[in-house]
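Data block for coords_8.csv (CSV, C-alpha atoms):
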chain,number,residue,atom,x,y,z
F,1,MET,CA,-27.3,-79.6,4.4
F,2,PRO,CA,-24.7,-77.0,5.4
F,3,GLU,CA,-25.2,-73.9,3.3
F,4,ILE,CA,-22.2,-71.8,2.2
F,5,THR,CA,-23.3,-68.1,2.6
F,6,MET,CA,-21.8,-64.9,1.3
F,7,PRO,CA,-19.6,-63.9,4.2
F,8,ARG,CA,-18.9,-60.4,5.5
F,9,LEU,CA,-15.2,-60.0,4.5
F,10,SER,CA,-14.8,-56.3,5.4
F,11,ASP,CA,-16.4,-53.8,7.7
F,12,THR,CA,-18.0,-51.9,4.9
F,13,MET,CA,-19.1,-54.8,2.8
F,14,GLU,CA,-22.8,-55.1,1.9
F,15,ASP,CA,-22.5,-57.7,-0.9
F,16,GLY,CA,-19.9,-59.5,-2.9
F,17,VAL,CA,-19.3,-60.6,-6.4
F,18,ILE,CA,-18.5,-64.3,-7.1
F,19,SER,CA,-15.4,-63.8,-9.2
F,20,ALA,CA,-14.7,-67.5,-9.9
F,21,TRP,CA,-15.7,-70.9,-8.6
F,22,LEU,CA,-12.6,-73.1,-8.0
F,23,LYS,CA,-14.7,-76.2,-7.3
F,24,GLN,CA,-17.5,-77.7,-9.4
F,25,VAL,CA,-20.6,-79.6,-8.4
F,26,GLY,CA,-19.7,-83.1,-7.4
F,27,ASP,CA,-16.1,-82.2,-6.3
F,28,ARG,CA,-15.1,-83.4,-2.8
F,29,VAL,CA,-13.9,-80.6,-0.5
F,30,THR,CA,-12.2,-80.4,2.8
F,31,ARG,CA,-12.7,-77.9,5.5
F,32,GLY,CA,-10.5,-74.8,4.8
F,33,GLU,CA,-10.1,-75.6,1.1
F,34,VAL,CA,-10.8,-72.6,-1.2
F,35,LEU,CA,-14.1,-72.9,-3.0
F,36,ALA,CA,-14.3,-69.6,-4.8
F,37,GLU,CA,-12.9,-66.1,-5.1
F,38,ILE,CA,-15.1,-63.3,-3.9
F,39,GLU,CA,-14.6,-59.7,-5.0
F,40,THR,CA,-15.5,-57.3,-2.1
F,41,ASP,CA,-15.4,-53.6,-1.9
F,42,LYS,CA,-11.8,-53.8,-0.9
F,43,ALA,CA,-10.1,-56.8,-2.3
F,44,LEU,CA,-10.3,-60.2,-4.0
F,45,MET,CA,-10.8,-62.7,-1.2
F,46,GLU,CA,-10.8,-66.5,-1.0
F,47,LEU,CA,-13.9,-68.3,0.3
F,48,GLU,CA,-13.1,-71.4,2.2
F,49,ALA,CA,-15.3,-74.5,2.9
F,50,TYR,CA,-16.8,-74.6,6.3
F,51,ASP,CA,-16.9,-78.4,6.5
F,52,ASP,CA,-15.7,-81.6,4.7
F,53,GLY,CA,-18.1,-83.0,2.2
F,54,VAL,CA,-19.2,-82.8,-1.5
F,55,LEU,CA,-20.1,-79.6,-3.3
F,56,GLU,CA,-23.7,-80.6,-4.1
F,57,ARG,CA,-25.0,-77.3,-5.5
F,58,ILE,CA,-23.8,-73.9,-6.8
F,59,ILE,CA,-26.6,-71.5,-6.3
F,60,PHE,CA,-25.1,-68.4,-7.9
F,61,GLU,CA,-22.8,-68.5,-10.9
F,62,ALA,CA,-19.5,-66.6,-11.3
F,63,GLY,CA,-20.3,-62.9,-11.9
F,64,ALA,CA,-23.3,-62.8,-9.6
F,65,ARG,CA,-23.5,-60.0,-7.0
F,66,VAL,CA,-24.9,-61.5,-3.7
F,67,PRO,CA,-25.8,-59.8,-0.5
F,68,ILE,CA,-24.0,-61.0,2.7
F,69,GLY,CA,-25.7,-63.9,4.4
F,70,GLU,CA,-27.3,-65.1,1.2
F,71,PRO,CA,-26.7,-68.9,0.5
F,72,ILE,CA,-24.4,-69.3,-2.6
F,73,ALA,CA,-23.7,-73.1,-2.4
F,74,VAL,CA,-24.4,-76.3,-0.6
F,75,VAL,CA,-21.9,-78.8,0.8
F,76,GLY,CA,-23.3,-82.1,1.9
F,77,ASP,CA,-22.6,-85.9,1.9
F,78,GLY,CA,-23.0,-86.1,-1.9
F,79,SER,CA,-26.6,-87.6,-1.9
F,80,GLY,CA,-28.0,-84.3,-3.1
F,81,THR,CA,-25.7,-83.9,-6.1
F,82,ALA,CA,-27.9,-85.6,-8.6
F,83,ALA,CA,-30.9,-83.5,-7.8
F,84,SER,CA,-28.9,-80.4,-7.7
F,85,ALA,CA,-27.5,-81.0,-11.1
F,86,GLN,CA,-31.0,-80.4,-12.5
F,87,THR,CA,-31.1,-77.0,-10.9
F,88,THR,CA,-29.6,-74.1,-12.9
F,89,ALA,CA,-27.4,-71.8,-10.9
F,90,ARG,CA,-28.6,-68.2,-10.8
F,91,SER,CA,-26.6,-65.5,-12.5
F,92,GLY,CA,-26.5,-61.8,-12.0
F,93,THR,CA,-27.5,-60.0,-8.8
F,94,SER,CA,-29.1,-62.0,-5.9
F,95,ASP,CA,-32.7,-61.1,-6.3
F,96,ALA,CA,-34.4,-64.5,-5.6
F,97,PRO,CA,-37.0,-64.7,-2.9
F,98,GLY,CA,-35.5,-65.3,0.6
F,99,PRO,CA,-37.0,-67.3,3.4
F,100,ARG,CA,-39.7,-64.7,3.9
F,101,ALA,CA,-40.8,-64.4,0.3
F,102,GLY,CA,-43.8,-66.7,0.8
F,103,ALA,CA,-45.1,-64.6,3.6
F,104,GLU,CA,-44.7,-61.4,1.6
F,105,ASP,CA,-46.5,-62.9,-1.4
F,106,ALA,CA,-49.4,-63.9,0.8
F,107,ARG,CA,-50.1,-60.4,2.0
F,108,PRO,CA,-52.9,-58.4,0.5
F,109,GLY,CA,-51.5,-56.4,-2.4
F,110,GLY,CA,-48.7,-58.9,-2.9
F,111,ARG,CA,-50.2,-60.2,-6.2
F,112,ALA,CA,-48.5,-59.1,-9.4
F,113,ASP,CA,-51.8,-57.6,-10.6
F,114,ALA,CA,-52.5,-55.6,-7.5
F,115,PRO,CA,-53.0,-51.8,-7.7
F,116,THR,CA,-49.7,-50.9,-6.0
F,117,GLY,CA,-48.9,-47.6,-7.7
F,118,GLU,CA,-49.6,-45.7,-4.5
F,119,ASN,CA,-47.4,-48.0,-2.4
F,120,ALA,CA,-44.4,-49.3,-4.3
F,121,ALA,CA,-43.2,-51.2,-1.2
F,122,ARG,CA,-46.2,-53.6,-1.7
F,123,THR,CA,-45.1,-54.5,-5.2
F,124,LYS,CA,-43.7,-58.1,-5.3
F,125,SER,CA,-40.0,-57.1,-5.7
F,126,SER,CA,-36.7,-57.7,-4.1
F,127,PRO,CA,-35.2,-55.2,-1.7
F,128,LEU,CA,-32.3,-54.6,-4.1
F,129,ALA,CA,-34.7,-53.9,-6.9
F,130,ARG,CA,-36.6,-51.3,-4.8
F,131,LYS,CA,-33.3,-49.7,-3.9
F,132,VAL,CA,-32.2,-49.4,-7.5
F,133,ALA,CA,-35.6,-48.1,-8.5
F,134,ARG,CA,-35.3,-45.3,-6.0
F,135,GLU,CA,-31.8,-44.4,-7.2
F,136,LEU,CA,-33.0,-44.4,-10.9
F,137,GLY,CA,-36.2,-42.5,-10.1
F,138,ILE,CA,-38.4,-45.4,-11.3
F,139,ASP,CA,-41.9,-46.2,-10.1
F,140,ILE,CA,-41.4,-49.9,-9.4
F,141,ALA,CA,-45.2,-50.6,-9.6
F,142,THR,CA,-44.9,-50.0,-13.4
F,143,VAL,CA,-42.1,-52.5,-13.9
F,144,ALA,CA,-42.9,-56.0,-15.2
F,145,GLY,CA,-41.1,-58.7,-13.2
F,146,SER,CA,-39.2,-61.6,-14.7
F,147,GLY,CA,-38.2,-63.2,-11.4
F,148,PRO,CA,-40.0,-66.2,-9.7
F,149,ARG,CA,-43.8,-65.7,-9.7
F,150,GLY,CA,-43.4,-62.3,-11.4
F,151,ARG,CA,-41.1,-60.9,-8.8
F,152,VAL,CA,-39.4,-57.6,-9.9
F,153,ILE,CA,-35.6,-58.0,-9.8
F,154,ARG,CA,-32.8,-55.5,-10.3
F,155,GLN,CA,-32.3,-56.4,-14.0
F,156,ASP,CA,-36.0,-55.6,-14.6
F,157,VAL,CA,-35.6,-52.1,-13.1
F,158,GLU,CA,-32.4,-51.4,-15.1
F,159,ALA,CA,-34.0,-52.7,-18.3
F,160,ALA,CA,-37.1,-50.5,-17.7
F,161,SER,CA,-34.8,-47.5,-17.1
F,162,ARG,CA,-32.8,-48.1,-20.3
F,163,ALA,CA,-36.0,-48.6,-22.3
F,164,GLY,CA,-37.7,-45.5,-20.8
F,165,ALA,CA,-40.8,-47.7,-20.3
F,166,ALA,CA,-41.3,-47.1,-16.6
F,167,THR,CA,-43.1,-44.2,-15.1
F,168,PRO,CA,-40.6,-42.0,-13.3
F,169,VAL,CA,-41.0,-41.1,-9.7
F,170,VAL,CA,-41.1,-37.3,-9.1
F,171,THR,CA,-37.7,-36.7,-7.4
F,172,ALA,CA,-34.9,-34.2,-7.7
F,173,ALA,CA,-33.2,-34.5,-11.0
F,174,ALA,CA,-30.1,-36.6,-11.0
F,175,PRO,CA,-26.9,-35.2,-12.3
F,176,GLU,CA,-26.2,-35.8,-15.9
F,177,SER,CA,-23.2,-38.0,-15.0
F,178,GLU,CA,-25.6,-40.4,-13.3
F,179,THR,CA,-28.0,-40.9,-16.3
F,180,ALA,CA,-28.7,-44.5,-17.1
F,181,THR,CA,-28.3,-44.0,-20.9
F,182,PRO,CA,-25.7,-42.0,-22.9
F,183,PRO,CA,-26.7,-38.6,-24.4
F,184,PRO,CA,-28.6,-38.8,-27.7
F,185,GLY,CA,-26.4,-39.1,-30.7
F,186,THR,CA,-23.4,-40.5,-28.9
F,187,ASP,CA,-21.7,-43.8,-29.4
F,188,ALA,CA,-20.6,-45.4,-26.1
F,189,ASP,CA,-19.9,-48.8,-24.6
F,190,GLU,CA,-21.4,-49.7,-21.3
F,191,VAL,CA,-18.7,-50.6,-18.7
F,192,ALA,CA,-19.8,-52.1,-15.4
F,193,LEU,CA,-18.2,-50.7,-12.3
F,194,THR,CA,-16.1,-53.0,-10.3
F,195,THR,CA,-17.2,-53.5,-6.7
F,196,ILE,CA,-14.3,-51.3,-5.5
F,197,GLN,CA,-15.4,-48.5,-7.9
F,198,ARG,CA,-19.0,-48.8,-6.9
F,199,ILE,CA,-18.4,-48.7,-3.2
F,200,SER,CA,-15.8,-45.9,-3.6
F,201,ALA,CA,-18.3,-43.8,-5.6
F,202,GLN,CA,-21.0,-44.3,-2.9
F,203,ARG,CA,-18.7,-43.5,0.1
F,204,LEU,CA,-17.0,-40.5,-1.5
F,205,THR,CA,-20.3,-39.0,-2.6
F,206,GLU,CA,-21.6,-39.4,0.9
F,207,SER,CA,-18.4,-37.8,2.2
F,208,LYS,CA,-18.8,-34.7,0.0
F,209,GLN,CA,-22.5,-34.4,0.9
F,210,GLN,CA,-22.1,-34.9,4.6
F,211,ALA,CA,-18.6,-33.5,5.5
F,212,PRO,CA,-18.0,-29.8,5.0
F,213,HIS,CA,-14.6,-29.8,3.4
F,214,ILE,CA,-12.0,-27.1,3.9
F,215,TYR,CA,-8.8,-27.0,1.9
F,216,LEU,CA,-5.4,-25.6,2.8
F,217,THR,CA,-2.3,-25.7,0.6
F,218,SER,CA,1.3,-25.5,1.8
F,219,VAL,CA,4.3,-24.7,-0.5
F,220,ILE,CA,7.3,-26.7,0.6
F,221,ASP,CA,11.0,-26.4,-0.4
F,222,VAL,CA,12.0,-30.1,-0.7
F,223,THR,CA,15.5,-29.5,-2.2
F,224,GLU,CA,17.2,-30.8,0.9
F,225,LEU,CA,14.7,-33.7,1.2
F,226,LEU,CA,15.6,-34.9,-2.3
F,227,GLU,CA,19.3,-34.7,-1.6
F,228,PHE,CA,18.8,-36.5,1.8
F,229,ARG,CA,17.0,-39.3,0.0
F,230,THR,CA,19.9,-39.6,-2.5
F,231,ARG,CA,22.4,-39.9,0.3
F,232,VAL,CA,20.3,-42.4,2.2
F,233,ASN,CA,19.7,-44.6,-0.8
F,234,ALA,CA,23.5,-44.6,-1.6
F,235,THR,CA,24.0,-46.7,1.5
F,236,LEU,CA,21.1,-49.1,0.8
F,237,ALA,CA,20.7,-52.2,-1.4
F,238,GLU,CA,18.5,-51.8,-4.4
F,239,SER,CA,15.7,-53.7,-2.8
F,240,GLY,CA,15.7,-51.5,0.3
F,241,LYS,CA,15.8,-48.0,-1.2
F,242,VAL,CA,13.3,-45.5,0.0
F,243,SER,CA,11.0,-43.2,-2.0
F,244,ILE,CA,10.0,-39.6,-1.4
F,245,ASN,CA,6.5,-41.0,-0.5
F,246,ASP,CA,8.1,-43.2,2.2
F,247,LEU,CA,9.7,-40.1,3.7
F,248,LEU,CA,6.4,-38.2,3.4
F,249,VAL,CA,4.6,-41.0,5.2
F,250,LYS,CA,7.0,-40.9,8.1
F,251,ALA,CA,6.9,-37.1,8.3
F,252,VAL,CA,3.1,-37.1,8.2
F,253,ALA,CA,3.0,-39.8,10.9
F,254,ALA,CA,5.4,-37.9,13.1
F,255,THR,CA,3.4,-34.7,12.6
F,256,LEU,CA,0.1,-36.4,13.5
F,257,ARG,CA,1.7,-37.7,16.7
F,258,THR,CA,2.5,-34.1,17.7
F,259,ASN,CA,-0.8,-32.8,16.4
F,260,PRO,CA,-3.4,-35.2,17.9
F,261,ALA,CA,-6.3,-32.9,17.1
F,262,VAL,CA,-5.9,-33.9,13.5
F,263,ASN,CA,-5.8,-37.6,14.1
F,264,VAL,CA,-9.6,-37.8,14.8
F,265,SER,CA,-12.9,-38.9,13.4
F,266,PHE,CA,-16.2,-37.0,13.6
F,267,ALA,CA,-19.0,-39.0,15.4
F,268,GLY,CA,-22.0,-36.7,15.7
F,269,GLU,CA,-22.0,-35.3,19.2
F,270,LYS,CA,-18.4,-36.3,19.8
F,271,LEU,CA,-15.0,-36.9,18.3
F,272,TRP,CA,-12.9,-40.0,18.4
F,273,ARG,CA,-9.2,-39.0,19.1
F,274,HIS,CA,-7.2,-42.0,17.9
F,275,ARG,CA,-4.4,-43.3,20.0
F,276,GLY,CA,-2.6,-45.0,17.1
F,277,VAL,CA,-1.3,-43.2,14.0
F,278,HIS,CA,-2.4,-45.5,11.1
F,279,LEU,CA,-1.8,-44.0,7.6
F,280,GLY,CA,-3.8,-45.0,4.5
F,281,VAL,CA,-1.7,-44.7,1.4
F,282,ALA,CA,-3.8,-44.5,-1.8
F,283,VAL,CA,-2.8,-47.0,-4.6
F,284,ALA,CA,-4.2,-46.9,-8.1
F,285,THR,CA,-5.1,-50.4,-9.4
F,286,PRO,CA,-6.9,-51.7,-12.5
F,287,ALA,CA,-10.0,-52.4,-10.3
F,288,GLY,CA,-10.0,-48.9,-8.8
F,289,LEU,CA,-8.5,-47.0,-5.9
F,290,MET,CA,-7.4,-49.1,-2.9
F,291,VAL,CA,-6.0,-47.8,0.4
F,292,PRO,CA,-3.7,-50.1,2.3
F,293,VAL,CA,-2.9,-49.0,5.8
F,294,ILE,CA,0.6,-48.6,7.4
F,295,ARG,CA,-0.3,-49.1,11.1
F,296,ASP,CA,1.6,-47.3,13.8
F,297,ALA,CA,3.6,-45.5,11.1
F,298,ASP,CA,5.0,-43.0,13.6
F,299,ARG,CA,6.8,-45.9,15.4
F,300,LYS,CA,8.3,-47.4,12.3
F,301,SER,CA,11.6,-46.5,10.6
F,302,VAL,CA,11.6,-45.1,7.0
F,303,SER,CA,13.1,-48.4,5.8
F,304,GLU,CA,10.3,-50.4,7.5
F,305,ILE,CA,7.7,-48.1,6.0
F,306,ALA,CA,9.3,-48.5,2.5
F,307,ALA,CA,9.3,-52.3,2.8
F,308,GLU,CA,5.7,-52.4,4.0
F,309,SER,CA,4.5,-49.9,1.4
F,310,ARG,CA,6.1,-51.9,-1.5
F,311,ASP,CA,4.6,-55.1,-0.2
F,312,LYS,CA,1.1,-53.8,0.2
F,313,ALA,CA,1.1,-51.7,-3.0
F,314,GLY,CA,2.1,-54.8,-4.9
F,315,ARG,CA,-0.6,-57.0,-3.3
F,316,ALA,CA,-3.2,-54.2,-3.8
F,317,ARG,CA,-2.5,-54.3,-7.6
F,318,ASP,CA,-2.7,-58.1,-7.5
F,319,ARG,CA,-6.0,-58.0,-5.5
F,320,LYS,CA,-4.3,-60.0,-2.7
F,321,LEU,CA,-4.8,-57.6,0.2
F,322,ARG,CA,-6.6,-59.0,3.3
F,323,PRO,CA,-9.3,-56.9,5.0
F,324,ASP,CA,-7.1,-56.1,8.0
F,325,ASP,CA,-4.5,-54.6,5.5
F,326,MET,CA,-7.0,-51.9,4.7
F,327,ALA,CA,-8.8,-51.4,8.0
F,328,GLY,CA,-8.4,-48.7,10.7
F,329,ALA,CA,-6.8,-45.8,8.9
F,330,THR,CA,-6.9,-42.5,10.8
F,331,PHE,CA,-5.5,-40.3,8.0
F,332,THR,CA,-4.8,-40.8,4.3
F,333,ILE,CA,-2.1,-39.7,1.9
F,334,SER,CA,-2.9,-39.5,-1.9
F,335,ASN,CA,0.2,-38.8,-4.1
F,336,LEU,CA,-0.2,-38.0,-7.8
F,337,GLY,CA,3.2,-36.5,-8.2
F,338,MET,CA,4.4,-39.4,-10.2
F,339,PHE,CA,1.9,-38.4,-12.9
F,340,GLY,CA,3.2,-34.9,-13.1
F,341,ILE,CA,0.3,-33.4,-11.2
F,342,GLU,CA,1.5,-30.3,-9.3
F,343,HIS,CA,-1.6,-29.6,-7.3
F,344,PHE,CA,-5.0,-31.2,-6.6
F,345,THR,CA,-7.6,-31.6,-3.8
F,346,ALA,CA,-8.7,-35.0,-2.5
F,347,VAL,CA,-12.0,-36.1,-1.0
F,348,ILE,CA,-11.9,-37.3,2.6
F,349,ASN,CA,-12.3,-41.0,3.1
F,350,PRO,CA,-14.8,-41.4,6.0
F,351,PRO,CA,-14.7,-41.9,8.9
F,352,GLU,CA,-11.3,-40.1,8.7
F,353,ALA,CA,-11.4,-36.4,9.2
F,354,ALA,CA,-8.6,-35.4,6.8
F,355,ILE,CA,-6.6,-36.4,3.7
F,356,LEU,CA,-3.4,-35.0,2.3
F,357,ALA,CA,-3.0,-34.6,-1.5
F,358,VAL,CA,0.6,-34.5,-2.7
F,359,GLY,CA,1.7,-33.1,-6.0
F,360,ALA,CA,5.0,-33.3,-8.0
F,361,ALA,CA,8.2,-31.5,-7.0
F,362,THR,CA,9.0,-28.9,-9.6
F,363,ASP,CA,11.9,-26.6,-10.4
F,364,GLU,CA,11.1,-23.0,-9.4
F,365,LEU,CA,13.2,-19.9,-8.8
F,366,ARG,CA,13.3,-18.9,-5.2
F,367,LEU,CA,15.1,-16.3,-3.1
F,368,HIS,CA,17.5,-18.4,-0.9
F,369,ASP,CA,20.2,-16.9,1.3
F,370,GLY,CA,19.9,-13.6,-0.6
F,371,GLN,CA,20.3,-15.2,-4.0
F,372,VAL,CA,17.8,-16.2,-6.7
F,373,VAL,CA,18.4,-19.9,-7.2
F,374,GLY,CA,16.5,-22.9,-8.5
F,375,ARG,CA,14.8,-25.0,-5.9
F,376,LYS,CA,12.6,-28.1,-5.8
F,377,ILE,CA,9.1,-27.0,-4.7
F,378,LEU,CA,6.3,-29.3,-3.6
F,379,ARG,CA,2.7,-28.4,-3.0
F,380,VAL,CA,0.5,-30.4,-0.6
F,381,THR,CA,-3.2,-29.7,0.0
F,382,MET,CA,-5.0,-30.9,3.1
F,383,SER,CA,-8.7,-31.5,2.9
F,384,ALA,CA,-10.2,-31.5,6.4
F,385,ASP,CA,-13.7,-32.1,7.8
F,386,HIS,CA,-14.5,-28.7,9.3
F,387,ARG,CA,-16.8,-30.3,11.8
F,388,ALA,CA,-13.8,-32.1,13.4
F,389,ILE,CA,-10.8,-29.9,12.5
F,390,ASP,CA,-10.7,-26.1,12.7
F,391,GLY,CA,-8.8,-24.2,10.1
F,392,ALA,CA,-6.2,-23.0,12.6
F,393,VAL,CA,-5.6,-26.6,13.7
F,394,ALA,CA,-5.1,-27.7,10.1
F,395,ALA,CA,-2.8,-24.8,9.4
F,396,GLN,CA,-0.6,-25.7,12.4
F,397,PHE,CA,-0.4,-29.3,11.2
F,398,LEU,CA,0.8,-28.1,7.8
F,399,ALA,CA,3.3,-25.7,9.3
F,400,ASP,CA,4.8,-28.5,11.4
F,401,LEU,CA,4.9,-30.8,8.4
F,402,LYS,CA,6.6,-28.2,6.3
F,403,GLY,CA,9.2,-27.7,9.0
F,404,LEU,CA,10.0,-31.5,9.0
F,405,LEU,CA,10.2,-31.8,5.2
F,406,GLU,CA,12.4,-28.8,4.9
F,407,HIS,CA,14.8,-30.2,7.6
F,408,PRO,CA,14.7,-33.9,6.7
F,409,LEU,CA,17.2,-35.0,9.4
F,410,ARG,CA,14.3,-34.3,11.9
F,411,ILE,CA,12.3,-37.0,10.2
F,412,VAL,CA,14.6,-39.8,11.3
F,413,VAL,CA,15.7,-38.6,14.7

Go ahead and render the structure in this file as structure tokens.
Amino acid sequence: MPEITMPRLSDTMEDGVISAWLKQVGDRVTRGEVLAEIETDKALMELEAYDDGVLERIIFEAGARVPIGEPIAVVGDGSGTAASAQTTARSGTSDAPGPRAGAEDARPGGRADAPTGENAARTKSSPLARKVARELGIDIATVAGSGPRGRVIRQDVEAASRAGAATPVVTAAAPESETATPPPGTDADEVALTTIQRISAQRLTESKQQAPHIYLTSVIDVTELLEFRTRVNATLAESGKVSINDLLVKAVAATLRTNPAVNVSFAGEKLWRHRGVHLGVAVATPAGLMVPVIRDADRKSVSEIAAESRDKAGRARDRKLRPDDMAGATFTISNLGMFGIEHFTAVINPPEAAILAVGAATDELRLHDGQVVGRKILRVTMSADHRAIDGAVAAQFLADLKGLLEHPLRIVV
């Protein structure tokens, strides 16, 4: 019988959450028809049937987190539907034994009552349970398993951690923010991370740990830029108007084209200098931060950038972005100016080597043409991976960007 497996829907995906089943056991399906919605680390994706047939079995219920490649449903000729109806679909994270489970259980030390305290890897447990145990500092050999034949699954490890019943592994103390239970005496509700939040937390933590960040801030007079935008929008229909962020994207893209040493990725003993200028634009969504990509932004007009940004930002909030909408960024812009934030630093999104944090334009007094006048001042801060970008290189990039933004006609010519 053809199995439907959890597909790899993005380059960074390790598992997916079954958000909803759109077909039920016994339903006839055709090839290409949508069976379920899958939440990945980047978007809510549609899972299509591989073949024509009948959905005979749903292996994992909605809400289950399943590793890529794991079977989640079976489509057949319908003959297996009755038998499958007697089988309860699994819920929660995929921790059931895989094809090799029998061989593992047959090994010495694989019995549930074996003395495995000195070798947690020999405890009958799922790979995911062992990973969670390491992260929580739990000796998995002390955790009672509730899975098939006493197998320890992720929920067992998390329950043991909450109950404080397991013997902790001697490791470096975890930061207080990562504790599994709230501080004593506090009243709190447990809120599960979305897949996007979980993957973002993992990748950004790795970024801060592995990439030595340097930060450079530039103060830019954007008075003329704001006036230029007003004049441009006066000639455009409401649906085609451009934002300050659209002008920033175009200016950053043009500056990256003339400063290729910033448009790079660090790769151990070498750098990748990217030929294309592909800008990630951070978008806040209810599910977490998403970064759709404007590809070849240096070759597009401001109007084209504005239209594409509106489309992708809207689809990001609706969880309708495709994997290729978020792949291949070489540099990211994060703008919090609309929230009144004047200055902040952002964490680099690997494998990129830099990110630009953009604040709000504020009214400040400045000496201009010998007179003290009110001007619109914008602060941008560049975070750069010092392994890939020297301070002087980053400073030159910001100087060139400042020159463009303070003379906005140069952005469009």

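You can rank F:Ala388, F:Ala49, F:Ala73, F:Ala313 by their closest distance to Ile18 of chain F using only C-alpha atoms, and at the top of that list sits F:Ala73.
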
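We find atom CA of Gln396 of chain F and atom CA of Lys250 of chain F to be spaced 17.5 Å apart.
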
So which residues touch segment 337-343 of chain F within 10 Å, counting all atoms listed in the file, skipping near sequence neighbours fewer than 3 positions away, as a list in words? Thr217, Asn245, Ser334, Ala357, Val358, Gly359, Ala360, Ala361, Thr362, Ile377, Leu378, Arg379, Val380 and Thr381 of chain F

Taking (-8.6, -59.7, -2.7) in the file's coordinates, which residues come within 9 Å, counting all atoms listed in the file, written as an mmCIF file with C-alpha atoms, in the coordinates of the input?
data_model
loop_
_atom_site.group_PDB
_atom_site.id
_atom_site.type_symbol
_atom_site.label_atom_id
_atom_site.label_comp_id
_atom_site.auth_asym_id
_atom_site.auth_seq_id
_atom_site.Cartn_x
_atom_site.Cartn_y
_atom_site.Cartn_z
ATOM 1 C CA GLU F 37 -12.900 -66.100 -5.100
ATOM 2 C CA ILE F 38 -15.100 -63.300 -3.900
ATOM 3 C CA GLU F 39 -14.600 -59.700 -5.000
ATOM 4 C CA THR F 40 -15.500 -57.300 -2.100
ATOM 5 C CA LYS F 42 -11.800 -53.800 -0.900
ATOM 6 C CA ALA F 43 -10.100 -56.800 -2.300
ATOM 7 C CA LEU F 44 -10.300 -60.200 -4.000
ATOM 8 C CA MET F 45 -10.800 -62.700 -1.200
ATOM 9 C CA GLU F 46 -10.800 -66.500 -1.000
ATOM 10 C CA ARG F 315 -0.600 -57.000 -3.300
ATOM 11 C CA ALA F 316 -3.200 -54.200 -3.800
ATOM 12 C CA ASP F 318 -2.700 -58.100 -7.500
ATOM 13 C CA ARG F 319 -6.000 -58.000 -5.500
ATOM 14 C CA LYS F 320 -4.300 -60.000 -2.700
ATOM 15 C CA LEU F 321 -4.800 -57.600 0.200
ATOM 16 C CA ARG F 322 -6.600 -59.000 3.300
ATOM 17 C CA PRO F 323 -9.300 -56.900 5.000
#

Which value, in Å to one decimal, gives the distance between atom CA of Asp156 of chain F and atom CA of Ala133 of chain F?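 Spanning atom CA of Asp156 of chain F to atom CA of Ala133 of chain F is a straight-line distance of 9.7 Å.
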
If you count only C-alpha atoms, which residues fall within 10 Å of Phe397 of chain F, apart from same-chain ones fewer than 4 positions away, as a ChimeraX atom specification? /F:252,255-256,258-262,382,391-393,401-403

Export of prior selection with C-alpha atoms as a compact mmCIF listing (two decimals), in the frame of the given file:
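Output file selection.txt follows:
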# COMPACT_ATOMS: atom_id res chain seq x y z
CA VAL F 252 3.10 -37.10 8.20
CA THR F 255 3.40 -34.70 12.60
CA LEU F 256 0.10 -36.40 13.50
CA THR F 258 2.50 -34.10 17.70
CA ASN F 259 -0.80 -32.80 16.40
CA PRO F 260 -3.40 -35.20 17.90
CA ALA F 261 -6.30 -32.90 17.10
CA VAL F 262 -5.90 -33.90 13.50
CA MET F 382 -5.00 -30.90 3.10
CA GLY F 391 -8.80 -24.20 10.10
CA ALA F 392 -6.20 -23.00 12.60
CA VAL F 393 -5.60 -26.60 13.70
CA LEU F 401 4.90 -30.80 8.40
CA LYS F 402 6.60 -28.20 6.30
CA GLY F 403 9.20 -27.70 9.00

Kindly give the distance, in Å, that separates atom CA of Ala192 of chain F and atom CA of Gly328 of chain F, rounded to a single decimal.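 Rounded to one decimal, the two atoms are 28.7 Å apart.
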
Using only C-alpha atoms, determine which residues lie at most 7 Å from Asp246 of chain F, disregarding the query and same-chain residues fewer than 2 positions distant; provide the list as an NGL selection string. :F and (242-244 or 248-250 or 302 or 305-306)

Which residue of F:Ala188, F:Leu405, F:Val291, F:Leu247 approaches Ser200 of chain F most closely, using all atoms listed in the file: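 Selected residue with least distance to Ser200 of chain F: F:Val291.
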
Show me the residues close to (-16.7, -52.7, -4.1) - anything with an atom within 10 Å, counting only C-alpha atoms - and format the list as a list in words. Thr12, Met13, Glu14, Asp15, Gly16, Val17, Glu39, Thr40, Asp41, Lys42, Ala43, Leu44, Leu193, Thr194, Thr195, Ile196, Gln197, Arg198, Ile199, Ser200, Ala201, Gln202, Ala287 and Gly288 of chain F

Can you work out which one of F:Ala20, F:Val232, F:Val66, F:Val347 has the shortest atom-to-atom distance to Pro7 of chain F, counting all atoms listed in the file?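 Of the candidates, the smallest distance to Pro7 of chain F is held by F:Val66.
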
Write out as a ChimeraX atom specification each polymer residue whose atoms come within 9 Å of Ser309 of chain F, counting all atoms listed in the file; drop sequence neighbours fewer than 6 positions from it. /F:246,281,292-294

Calculated over all atoms listed in the file, which of the candidates F:Gly374, F:Pro350, F:Gly314, F:Pro2 has the smallest distance to Tyr50 of chain F?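 Residue with the minimum atom-to-atom distance to Tyr50 of chain F: F:Pro2.
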